[in-house]
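Chemist: Handing over target_15.cif, mmCIF, C-alpha atoms.
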```cif
data_protein
loop_
_atom_site.group_PDB
_atom_site.id
_atom_site.type_symbol
_atom_site.label_atom_id
_atom_site.label_comp_id
_atom_site.auth_asym_id
_atom_site.auth_seq_id
_atom_site.Cartn_x
_atom_site.Cartn_y
_atom_site.Cartn_z
ATOM 1 C CA MET Q 1 -1.431 -2.081 -4.080
ATOM 2 C CA ASP Q 2 -3.760 0.048 -6.170
ATOM 3 C CA SER Q 3 -6.632 -2.366 -6.140
ATOM 4 C CA PHE Q 4 -9.165 -2.497 -3.351
ATOM 5 C CA GLU Q 5 -8.866 -6.294 -3.192
ATOM 6 C CA ASN Q 6 -5.262 -6.001 -2.061
ATOM 7 C CA GLU Q 7 -5.706 -3.044 0.213
ATOM 8 C CA PHE Q 8 -8.322 -4.394 2.563
ATOM 9 C CA GLU Q 9 -8.214 -7.715 4.291
ATOM 10 C CA PRO Q 10 -11.625 -9.348 4.314
ATOM 11 C CA GLY Q 11 -13.560 -8.303 7.360
ATOM 12 C CA PHE Q 12 -10.874 -6.062 8.808
ATOM 13 C CA GLY Q 13 -10.146 -2.400 8.417
ATOM 14 C CA GLY Q 14 -7.099 -1.745 6.273
ATOM 15 C CA ASN Q 15 -5.924 1.120 8.454
ATOM 16 C CA TYR Q 16 -6.863 -0.311 11.803
ATOM 17 C CA GLU Q 17 -4.752 -3.377 12.004
ATOM 18 C CA ARG Q 18 -2.389 -2.281 14.745
ATOM 19 C CA ASP Q 19 -2.243 -5.213 17.098
ATOM 20 C CA PRO Q 20 -4.663 -4.496 19.970
ATOM 21 C CA SER Q 21 -3.304 -7.360 22.064
ATOM 22 C CA HIS Q 22 -0.130 -5.431 22.889
ATOM 23 C CA VAL Q 23 -1.153 -4.069 26.258
ATOM 24 C CA ASP Q 24 1.296 -3.221 28.997
ATOM 25 C CA ASP Q 25 1.055 -5.120 32.267
ATOM 26 C CA ARG Q 26 0.174 -1.958 34.122
ATOM 27 C CA GLU Q 27 -3.497 -1.354 34.651
ATOM 28 C CA PHE Q 28 -5.033 1.948 33.697
ATOM 29 C CA THR Q 29 -8.228 3.310 35.153
ATOM 30 C CA ARG Q 30 -11.272 3.375 32.904
ATOM 31 C CA ARG Q 31 -11.245 7.152 33.185
ATOM 32 C CA ALA Q 32 -7.652 7.323 31.935
ATOM 33 C CA ILE Q 33 -8.469 5.091 28.958
ATOM 34 C CA LEU Q 34 -11.588 7.099 28.110
ATOM 35 C CA TRP Q 35 -9.628 10.342 28.426
ATOM 36 C CA GLU Q 36 -6.982 8.973 26.072
ATOM 37 C CA MET Q 37 -9.685 7.977 23.601
ATOM 38 C CA LEU Q 38 -11.328 11.411 23.705
ATOM 39 C CA THR Q 39 -8.295 13.677 23.740
ATOM 40 C CA SER Q 40 -5.475 11.907 21.938
ATOM 41 C CA SER Q 41 -4.094 13.527 18.806
ATOM 42 C CA ASP Q 42 -3.011 10.153 17.414
ATOM 43 C CA PRO Q 43 -4.853 9.771 14.058
ATOM 44 C CA GLU Q 44 -5.806 6.187 14.882
ATOM 45 C CA LEU Q 45 -7.351 7.174 18.223
ATOM 46 C CA ARG Q 46 -9.113 10.127 16.635
ATOM 47 C CA ALA Q 47 -10.672 7.713 14.155
ATOM 48 C CA ILE Q 48 -11.690 5.495 17.081
ATOM 49 C CA LYS Q 49 -13.283 8.464 18.850
ATOM 50 C CA TRP Q 50 -15.372 9.534 15.876
ATOM 51 C CA ARG Q 51 -16.486 6.050 14.938
ATOM 52 C CA THR Q 52 -17.487 5.366 18.564
ATOM 53 C CA VAL Q 53 -19.630 8.519 18.576
ATOM 54 C CA ALA Q 54 -21.136 7.632 15.171
ATOM 55 C CA ASN Q 55 -21.851 4.058 16.262
ATOM 56 C CA LEU Q 56 -23.502 5.289 19.447
ATOM 57 C CA VAL Q 57 -25.791 7.643 17.516
ATOM 58 C CA ILE Q 58 -26.686 4.967 14.948
ATOM 59 C CA SER Q 59 -27.296 2.363 17.666
ATOM 60 C CA LEU Q 60 -29.657 4.713 19.491
ATOM 61 C CA ALA Q 61 -31.464 5.623 16.266
ATOM 62 C CA ASP Q 62 -31.708 1.923 15.449
ATOM 63 C CA ALA Q 63 -33.056 0.989 18.894
ATOM 64 C CA ALA Q 64 -35.100 4.067 19.818
ATOM 65 C CA PRO Q 65 -38.109 3.259 17.572
ATOM 66 C CA LEU Q 66 -38.781 0.107 19.566
ATOM 67 C CA MET Q 67 -38.809 2.058 22.807
ATOM 68 C CA ALA Q 68 -40.883 4.807 21.197
ATOM 69 C CA ALA Q 69 -43.420 2.287 19.893
ATOM 70 C CA LYS Q 70 -43.672 0.678 23.320
ATOM 71 C CA GLY Q 71 -44.138 4.065 24.962
ATOM 72 C CA ALA Q 72 -46.756 5.097 22.414
ATOM 73 C CA LEU Q 73 -48.750 1.909 22.928
ATOM 74 C CA ILE Q 74 -48.618 2.244 26.712
ATOM 75 C CA GLY Q 75 -49.549 5.915 26.414
ATOM 76 C CA GLY Q 76 -52.416 5.013 24.108
ATOM 77 C CA ALA Q 77 -53.731 2.449 26.567
ATOM 78 C CA VAL Q 78 -53.535 4.862 29.488
ATOM 79 C CA GLY Q 79 -55.003 7.856 27.704
ATOM 80 C CA SER Q 80 -58.602 6.690 27.507
ATOM 81 C CA ALA Q 81 -59.835 10.169 26.571
ATOM 82 C CA VAL Q 82 -58.157 9.874 23.175
ATOM 83 C CA PRO Q 83 -60.026 7.809 20.599
ATOM 84 C CA VAL Q 84 -58.454 4.338 20.611
ATOM 85 C CA ALA Q 85 -58.272 3.899 16.837
ATOM 86 C CA GLY Q 86 -56.596 7.263 16.306
ATOM 87 C CA THR Q 87 -53.980 6.548 18.952
ATOM 88 C CA ILE Q 88 -53.119 3.167 17.448
ATOM 89 C CA ILE Q 89 -52.880 4.492 13.898
ATOM 90 C CA GLY Q 90 -50.787 7.434 15.085
ATOM 91 C CA SER Q 91 -48.505 5.167 17.097
ATOM 92 C CA ILE Q 92 -47.979 2.785 14.195
ATOM 93 C CA GLY Q 93 -47.330 5.628 11.769
ATOM 94 C CA GLY Q 94 -44.894 7.355 14.113
ATOM 95 C CA ALA Q 95 -43.094 4.161 14.973
ATOM 96 C CA ALA Q 96 -42.872 3.161 11.303
ATOM 97 C CA SER Q 97 -41.228 6.431 10.283
ATOM 98 C CA ALA Q 98 -38.852 6.276 13.239
ATOM 99 C CA VAL Q 99 -37.987 2.672 12.345
ATOM 100 C CA ALA Q 100 -37.299 3.760 8.771
ATOM 101 C CA ALA Q 101 -34.951 6.552 9.912
ATOM 102 C CA GLY Q 102 -33.028 4.243 12.266
ATOM 103 C CA GLU Q 103 -32.875 1.491 9.688
ATOM 104 C CA ALA Q 104 -31.610 3.856 6.998
ATOM 105 C CA LEU Q 105 -28.687 4.855 9.209
ATOM 106 C CA SER Q 106 -27.942 1.254 10.136
ATOM 107 C CA TRP Q 107 -28.055 0.122 6.505
ATOM 108 C CA THR Q 108 -25.851 3.037 5.445
ATOM 109 C CA ALA Q 109 -23.273 2.017 8.064
ATOM 110 C CA ASP Q 110 -23.369 -1.532 6.710
ATOM 111 C CA ALA Q 111 -23.170 -0.365 3.089
ATOM 112 C CA LEU Q 112 -20.002 1.555 3.994
ATOM 113 C CA LYS Q 113 -18.352 -1.781 4.743
ATOM 114 C CA SER Q 114 -18.353 -2.616 1.042
ATOM 115 C CA LYS Q 115 -14.788 -2.930 -0.235
ATOM 116 C CA LYS Q 116 -15.566 -0.913 -3.346
ATOM 117 C CA ILE Q 117 -17.218 1.936 -1.431
ATOM 118 C CA ARG Q 118 -14.378 2.042 1.099
ATOM 119 C CA TRP Q 119 -11.773 2.024 -1.637
ATOM 120 C CA PHE Q 120 -13.566 4.795 -3.548
ATOM 121 C CA LEU Q 121 -14.083 7.043 -0.505
ATOM 122 C CA LYS Q 122 -10.536 6.479 0.708
ATOM 123 C CA ARG Q 123 -9.259 7.596 -2.682
ATOM 124 C CA THR Q 124 -11.595 10.580 -3.026
ATOM 125 C CA ILE Q 125 -11.935 12.021 0.490
ATOM 126 C CA GLY Q 126 -9.046 10.222 2.170
ATOM 127 C CA VAL Q 127 -11.170 8.659 4.901
ATOM 128 C CA ASP Q 128 -11.939 5.017 5.494
ATOM 129 C CA PRO Q 129 -15.692 5.181 6.141
ATOM 130 C CA ASP Q 130 -16.045 1.751 7.759
ATOM 131 C CA LEU Q 131 -17.496 2.344 11.231
ATOM 132 C CA THR Q 132 -17.000 -1.254 12.353
ATOM 133 C CA PRO Q 133 -13.718 -2.350 10.735
ATOM 134 C CA ASP Q 134 -13.259 -5.248 13.143
ATOM 135 C CA VAL Q 135 -16.692 -6.720 12.494
ATOM 136 C CA SER Q 136 -16.845 -8.903 9.420
ATOM 137 C CA ARG Q 137 -19.153 -8.035 6.558
ATOM 138 C CA GLY Q 138 -20.813 -11.424 6.997
ATOM 139 C CA VAL Q 139 -21.848 -10.546 10.542
ATOM 140 C CA ALA Q 140 -22.887 -6.966 9.677
ATOM 141 C CA TRP Q 141 -24.929 -7.853 6.625
ATOM 142 C CA GLY Q 142 -26.222 -11.153 8.028
ATOM 143 C CA SER Q 143 -27.543 -9.379 11.108
ATOM 144 C CA GLU Q 144 -29.519 -6.962 8.924
ATOM 145 C CA ILE Q 145 -31.290 -9.931 7.361
ATOM 146 C CA ALA Q 146 -32.003 -11.300 10.830
ATOM 147 C CA GLU Q 147 -33.224 -7.836 11.880
ATOM 148 C CA PHE Q 148 -35.580 -7.712 8.899
ATOM 149 C CA PHE Q 149 -37.340 -10.871 10.080
ATOM 150 C CA ALA Q 150 -36.958 -10.613 13.845
ATOM 151 C CA GLY Q 151 -37.207 -6.825 14.200
ATOM 152 C CA VAL Q 152 -34.398 -6.663 16.750
ATOM 153 C CA PRO Q 153 -32.011 -3.692 16.381
ATOM 154 C CA THR Q 154 -28.603 -5.176 15.628
ATOM 155 C CA HIS Q 155 -26.271 -2.253 15.020
ATOM 156 C CA MET Q 156 -25.800 -2.108 18.781
ATOM 157 C CA LEU Q 157 -24.204 -5.558 18.717
ATOM 158 C CA GLU Q 158 -21.781 -4.620 15.940
ATOM 159 C CA ALA Q 159 -20.974 -1.331 17.674
ATOM 160 C CA GLY Q 160 -20.420 -3.162 20.975
ATOM 161 C CA LYS Q 161 -18.015 -5.639 19.389
ATOM 162 C CA GLN Q 162 -16.138 -2.794 17.719
ATOM 163 C CA PHE Q 163 -15.965 -0.789 20.962
ATOM 164 C CA LYS Q 164 -14.486 -3.756 22.805
ATOM 165 C CA VAL Q 165 -11.645 -4.005 20.281
ATOM 166 C CA ASP Q 166 -11.181 -0.220 20.214
ATOM 167 C CA TRP Q 167 -11.019 -0.106 24.010
ATOM 168 C CA ALA Q 168 -8.179 -2.633 24.025
ATOM 169 C CA ARG Q 169 -6.484 -0.695 21.247
ATOM 170 C CA THR Q 170 -6.748 2.569 23.223
ATOM 171 C CA LYS Q 171 -5.377 0.857 26.314
ATOM 172 C CA GLY Q 172 -2.455 -0.419 24.239
ATOM 173 C CA SER Q 173 -1.818 3.073 22.904
ATOM 174 C CA LEU Q 174 -1.899 4.517 26.416
ATOM 175 C CA ALA Q 175 0.565 1.888 27.602
ATOM 176 C CA ARG Q 176 2.920 2.597 24.706
ATOM 177 C CA ARG Q 177 2.756 6.347 25.324
ATOM 178 C CA SER Q 178 3.334 5.869 29.034
ATOM 179 C CA GLN Q 179 6.351 3.664 28.329
ATOM 180 C CA ALA Q 180 7.753 6.204 25.850
ATOM 181 C CA GLU Q 181 7.398 8.991 28.438
ATOM 182 C CA LYS Q 182 9.162 6.861 31.027
ATOM 183 C CA GLU Q 183 12.064 6.266 28.640
ATOM 184 C CA GLN Q 184 12.250 9.987 27.832
ATOM 185 C CA ILE Q 185 12.490 10.831 31.541
ATOM 186 C CA GLN Q 186 15.158 8.163 32.086
ATOM 187 C CA THR Q 187 17.246 9.495 29.193
ATOM 188 C CA ALA Q 188 16.860 13.063 30.473
ATOM 189 C CA GLY Q 189 17.851 12.004 33.988
ATOM 190 C CA ALA Q 190 20.942 10.226 32.650
ATOM 191 C CA GLU Q 191 22.100 13.547 31.121
ATOM 192 C CA PHE Q 192 22.404 14.881 34.690
ATOM 193 C CA GLY Q 193 23.990 11.742 36.086
ATOM 194 C CA VAL Q 194 20.825 10.515 37.839
ATOM 195 C CA ASN Q 195 19.743 6.931 37.294
ATOM 196 C CA ILE Q 196 15.936 7.029 37.301
ATOM 197 C CA MET F 1 19.797 14.407 23.904
ATOM 198 C CA SER F 2 21.305 17.829 24.669
ATOM 199 C CA ARG F 3 21.196 19.069 28.261
ATOM 200 C CA GLN F 4 18.765 21.835 27.349
ATOM 201 C CA ILE F 5 16.336 19.343 25.794
ATOM 202 C CA ALA F 6 16.825 17.019 28.769
ATOM 203 C CA LEU F 7 16.004 19.880 31.144
ATOM 204 C CA LYS F 8 12.909 20.801 29.114
ATOM 205 C CA THR F 9 11.766 17.167 29.292
ATOM 206 C CA LEU F 10 12.169 17.086 33.058
ATOM 207 C CA ILE F 11 10.343 20.402 33.454
ATOM 208 C CA LYS F 12 7.493 19.104 31.297
ATOM 209 C CA TYR F 13 7.018 15.966 33.407
ATOM 210 C CA SER F 14 7.647 17.547 36.833
ATOM 211 C CA LEU F 15 4.896 17.086 39.412
ATOM 212 C CA LEU F 16 6.196 19.786 41.751
ATOM 213 C CA LEU F 17 5.900 22.640 39.290
ATOM 214 C CA SER F 18 2.611 24.271 38.383
ATOM 215 C CA GLU F 19 1.679 24.708 34.723
ATOM 216 C CA SER F 20 2.465 28.444 34.812
ATOM 217 C CA ASP F 21 5.845 27.803 36.508
ATOM 218 C CA LYS F 22 6.643 25.238 33.843
ATOM 219 C CA LYS F 23 5.866 27.744 31.114
ATOM 220 C CA THR F 24 8.027 30.428 32.746
ATOM 221 C CA LEU F 25 10.942 28.016 33.199
ATOM 222 C CA LEU F 26 10.666 26.633 29.669
ATOM 223 C CA ASP F 27 10.899 30.193 28.304
ATOM 224 C CA LYS F 28 13.979 30.847 30.434
ATOM 225 C CA VAL F 29 15.881 27.649 29.571
ATOM 226 C CA PRO F 30 17.757 29.094 26.549
ATOM 227 C CA SER F 31 19.133 31.942 28.662
ATOM 228 C CA LEU F 32 20.304 29.762 31.588
ATOM 229 C CA SER F 33 23.998 29.192 32.207
ATOM 230 C CA ASP F 34 25.472 25.675 32.105
ATOM 231 C CA GLU F 35 25.704 25.618 35.909
ATOM 232 C CA GLN F 36 22.072 26.646 36.303
ATOM 233 C CA ILE F 37 20.966 24.012 33.769
ATOM 234 C CA ASP F 38 22.976 21.383 35.633
ATOM 235 C CA GLU F 39 21.613 22.369 39.024
ATOM 236 C CA LEU F 40 17.973 22.539 37.960
ATOM 237 C CA GLY F 41 18.346 19.397 35.847
ATOM 238 C CA ARG F 42 19.778 17.393 38.752
ATOM 239 C CA PHE F 43 17.047 18.643 41.079
ATOM 240 C CA LEU F 44 14.237 17.661 38.686
ATOM 241 C CA ALA F 45 15.909 14.344 37.844
ATOM 242 C CA LEU F 46 16.072 13.547 41.566
ATOM 243 C CA GLU F 47 12.392 14.468 41.835
ATOM 244 C CA GLN F 48 11.596 11.908 39.127
ATOM 245 C CA LYS F 49 13.806 9.321 40.827
ATOM 246 C CA THR F 50 11.981 9.847 44.126
ATOM 247 C CA ILE F 51 8.599 9.574 42.409
ATOM 248 C CA SER F 52 9.648 6.448 40.540
ATOM 249 C CA LYS F 53 11.065 4.843 43.705
ATOM 250 C CA ASN F 54 8.031 5.607 45.864
ATOM 251 C CA MET F 55 5.284 5.242 43.280
ATOM 252 C CA GLY F 56 3.556 2.443 45.184
ATOM 253 C CA GLN F 57 3.490 4.456 48.408
ATOM 254 C CA ILE F 58 2.343 7.621 46.598
ATOM 255 C CA GLU F 59 -0.504 5.715 44.926
ATOM 256 C CA SER F 60 -1.659 4.125 48.178
ATOM 257 C CA ASN F 61 -1.588 7.536 49.908
ATOM 258 C CA ILE F 62 -3.625 9.081 47.098
ATOM 259 C CA ASN F 63 -6.141 6.225 47.326
ATOM 260 C CA LEU F 64 -6.321 6.696 51.096
ATOM 261 C CA VAL F 65 -7.044 10.416 50.703
ATOM 262 C CA ALA F 66 -9.640 9.665 48.002
ATOM 263 C CA ASP F 67 -11.358 7.114 50.297
ATOM 264 C CA LEU F 68 -11.386 9.568 53.215
ATOM 265 C CA LEU F 69 -12.849 12.282 51.018
ATOM 266 C CA SER F 70 -15.596 10.034 49.682
ATOM 267 C CA GLU F 71 -16.404 8.848 53.232
ATOM 268 C CA GLU F 72 -16.637 12.497 54.267
ATOM 269 C CA ALA F 73 -18.920 13.238 51.311
ATOM 270 C CA GLU F 74 -21.153 10.281 52.247
ATOM 271 C CA LYS F 75 -21.379 11.527 55.843
ATOM 272 C CA ARG F 76 -22.372 15.008 54.643
ATOM 273 C CA LYS F 77 -25.076 13.486 52.423
ATOM 274 C CA GLY F 78 -26.410 11.600 55.451
ATOM 275 C CA LEU F 79 -26.780 14.777 57.521
#
```
Would you write the structure of this file as structure tokens?
Modeler:
Amino acid sequence: MDSFENEFEPGFGGNYERDPSHVDDREFTRRAILWEMLTSSDPELRAIKWRTVANLVISLADAAPLMAAKGALIGGAVGSAVPVAGTIIGSIGGAASAVAAGEALSWTADALKSKKIRWFLKRTIGVDPDLTPDVSRGVAWGSEIAEFFAGVPTHMLEAGKQFKVDWARTKGSLARRSQAEKEQIQTAGAEFGVNI
Amino acid sequence: MSRQIALKTLIKYSLLLSESDKKTLLDKVPSLSDEQIDELGRFLALEQKTISKNMGQIESNINLVADLLSEEAEKRKGL
């Protein structure tokens, strides 16, 4: 089990394979699930929390340049006092550097899905750096190629898919914890002759 | 599970006790007599039984109060 080929299943996070489909019948409010995600001390849920935050930041950085470019162009059109050529050049320059920053983050997140990089970082710093362990490398890397040609920010889609799985996983964890608490109370009650 | 641990569990999950009361009681558990542990344990176990038995009713009452409060808040906004 010392080789990265054996440690990570293709397209899935080695450490995040707890079955997310195990969810109790009881329904939990969205607030309760979010609270569990943000405050739990369970290492798996802490990893979920940090990767959700990271994915949100990267998604915004990846998508913001488009909005910024749009805003700059609209602003340029409205602001007739500013020389038109200067506004356009400035807008393009600003948008291009913002695109580059967002893209760099998105590409870094995708590069961290590499088996070799994950294996190396897990060994050296003890953290699996994959921010979207439930999204296959094919989808993550393929979407970057599509983004290159189409210009549509795609990290948001990967992050969304990951969040959906993580949400179900958090709900499952909440259900398990709730069940464990119920059993603890029942056992404690039985000590005093009360059948809860 | 020893009776002391069982009592601590019931104190921890009690809905009647405030957080500061829970802390005070948890500190006192080791010095309680067997009779006191039994009495308090039975009381808190019965509390849990009542909660568990009437959970549906408790939830619907809480929802009713929440609805009334939000209606009240809407009315105040309208004024």
Chemist: Expressed in Å to a single decimal, how great is the separation between atom CA of Q:Val194 and atom CA of F:Met1?
Modeler: 14.5 Å
Chemist: Could you tell me which of F:Thr9, F:Ser60, F:Ser70, F:Ser33 comes closest to F:Ala45 if we count all atoms listed in the file?
Modeler: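 The answer is F:Thr9, which sits nearest to F:Ala45.
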Chemist: Compile a residue-level contact table for chain Q against chain F at a cut-off of 7 Å, reporting for every qualifying residue the shortest atom pair and its distance in Å to one decimal, with only C-alpha atoms counted, rows ordered by chain and ascending number, as JSON lines.
Modeler:
```
{"residue": "Q:Ile185", "atom": "CA", "partner": "F:Leu10", "partner_atom": "CA", "distance": 6.4}
{"residue": "Q:Ala188", "atom": "CA", "partner": "F:Ala6", "partner_atom": "CA", "distance": 4.3}
{"residue": "Q:Gly189", "atom": "CA", "partner": "F:Ala45", "partner_atom": "CA", "distance": 4.9}
{"residue": "Q:Glu191", "atom": "CA", "partner": "F:Arg3", "partner_atom": "CA", "distance": 6.3}
{"residue": "Q:Phe192", "atom": "CA", "partner": "F:Arg42", "partner_atom": "CA", "distance": 5.5}
{"residue": "Q:Val194", "atom": "CA", "partner": "F:Ala45", "partner_atom": "CA", "distance": 6.2}
{"residue": "Q:Ile196", "atom": "CA", "partner": "F:Lys49", "partner_atom": "CA", "distance": 4.7}
```
Chemist: Counting all atoms listed in the file, figure out which residue out of Q:Ala190, Q:Ala54, Q:Val139, Q:Ala168 gets nearest to Q:Phe28.
Modeler: Q:Ala168
Chemist: What gap, in Å, lies between atom CA of Q:Val53 and atom CA of Q:Met37?
Modeler: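 If I compute the distance from atom CA of Q:Val53 to atom CA of Q:Met37, I get 11.2 Å.
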Chemist: Would you compute the distance between atom CA of Q:Arg118 and atom CA of Q:Asp130? Give it in Å to one decimal.
Modeler: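 Spanning atom CA of Q:Arg118 to atom CA of Q:Asp130 is a straight-line distance of 6.9 Å.
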Chemist: Compile the contact shell of Q:Gly142 as an MDAnalysis selection string: residues with an atom at most 12 Å away, counting only C-alpha atoms, same-chain residues fewer than 5 positions apart removed.
Modeler: chainID Q and resid 107 110 135:137 147:149 154:155 158
Chemist: Using the selection just defined, write its residues with C-alpha atoms as a PDB file, in the frame of the given file.
Modeler:
```pdb
ATOM      1  CA  TRP Q 107     -28.055   0.122   6.505  1.00  0.00           C
ATOM      2  CA  ASP Q 110     -23.369  -1.532   6.710  1.00  0.00           C
ATOM      3  CA  VAL Q 135     -16.692  -6.720  12.494  1.00  0.00           C
ATOM      4  CA  SER Q 136     -16.845  -8.903   9.420  1.00  0.00           C
ATOM      5  CA  ARG Q 137     -19.153  -8.035   6.558  1.00  0.00           C
ATOM      6  CA  GLU Q 147     -33.224  -7.836  11.880  1.00  0.00           C
ATOM      7  CA  PHE Q 148     -35.580  -7.712   8.899  1.00  0.00           C
ATOM      8  CA  PHE Q 149     -37.340 -10.871  10.080  1.00  0.00           C
ATOM      9  CA  THR Q 154     -28.603  -5.176  15.628  1.00  0.00           C
ATOM     10  CA  HIS Q 155     -26.271  -2.253  15.020  1.00  0.00           C
ATOM     11  CA  GLU Q 158     -21.781  -4.620  15.940  1.00  0.00           C
TER      12      GLU Q 158
END
```
Chemist: From the list Q:Val127, Q:Ala146, Q:Trp167, Q:Gln184, which residue is nearest Q:Ile48 when using all atoms listed in the file?
Modeler: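 Checking each of Q:Val127, Q:Ala146, Q:Trp167, Q:Gln184 against Q:Ile48, counting all atoms listed in the file, the winner is Q:Trp167.
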Chemist: Do you know which residues lie at most 12 Å from (-15.7, 3.2, 3.2), with coordinates as in the file and all atoms listed in the file counted, and could you write them as a ChimeraX atom specification?
Modeler: /Q:4,8,12-15,108-133
Chemist: List as a ChimeraX atom specification the protein and nucleic acid residues near Q:Ala159, meaning an atom at most 8 Å away when all atoms listed in the file are counted, but skip any in the same chain fewer than 2 places from it.
Modeler: /Q:52,55-56,59,132,155-157,161-163
Chemist: With all atoms listed in the file as the basis for distance, which of Q:Ala61, Q:Ser106, Q:Arg177, Q:Lys49 is at the shortest distance from Q:Ser143?
Modeler: Q:Ser106
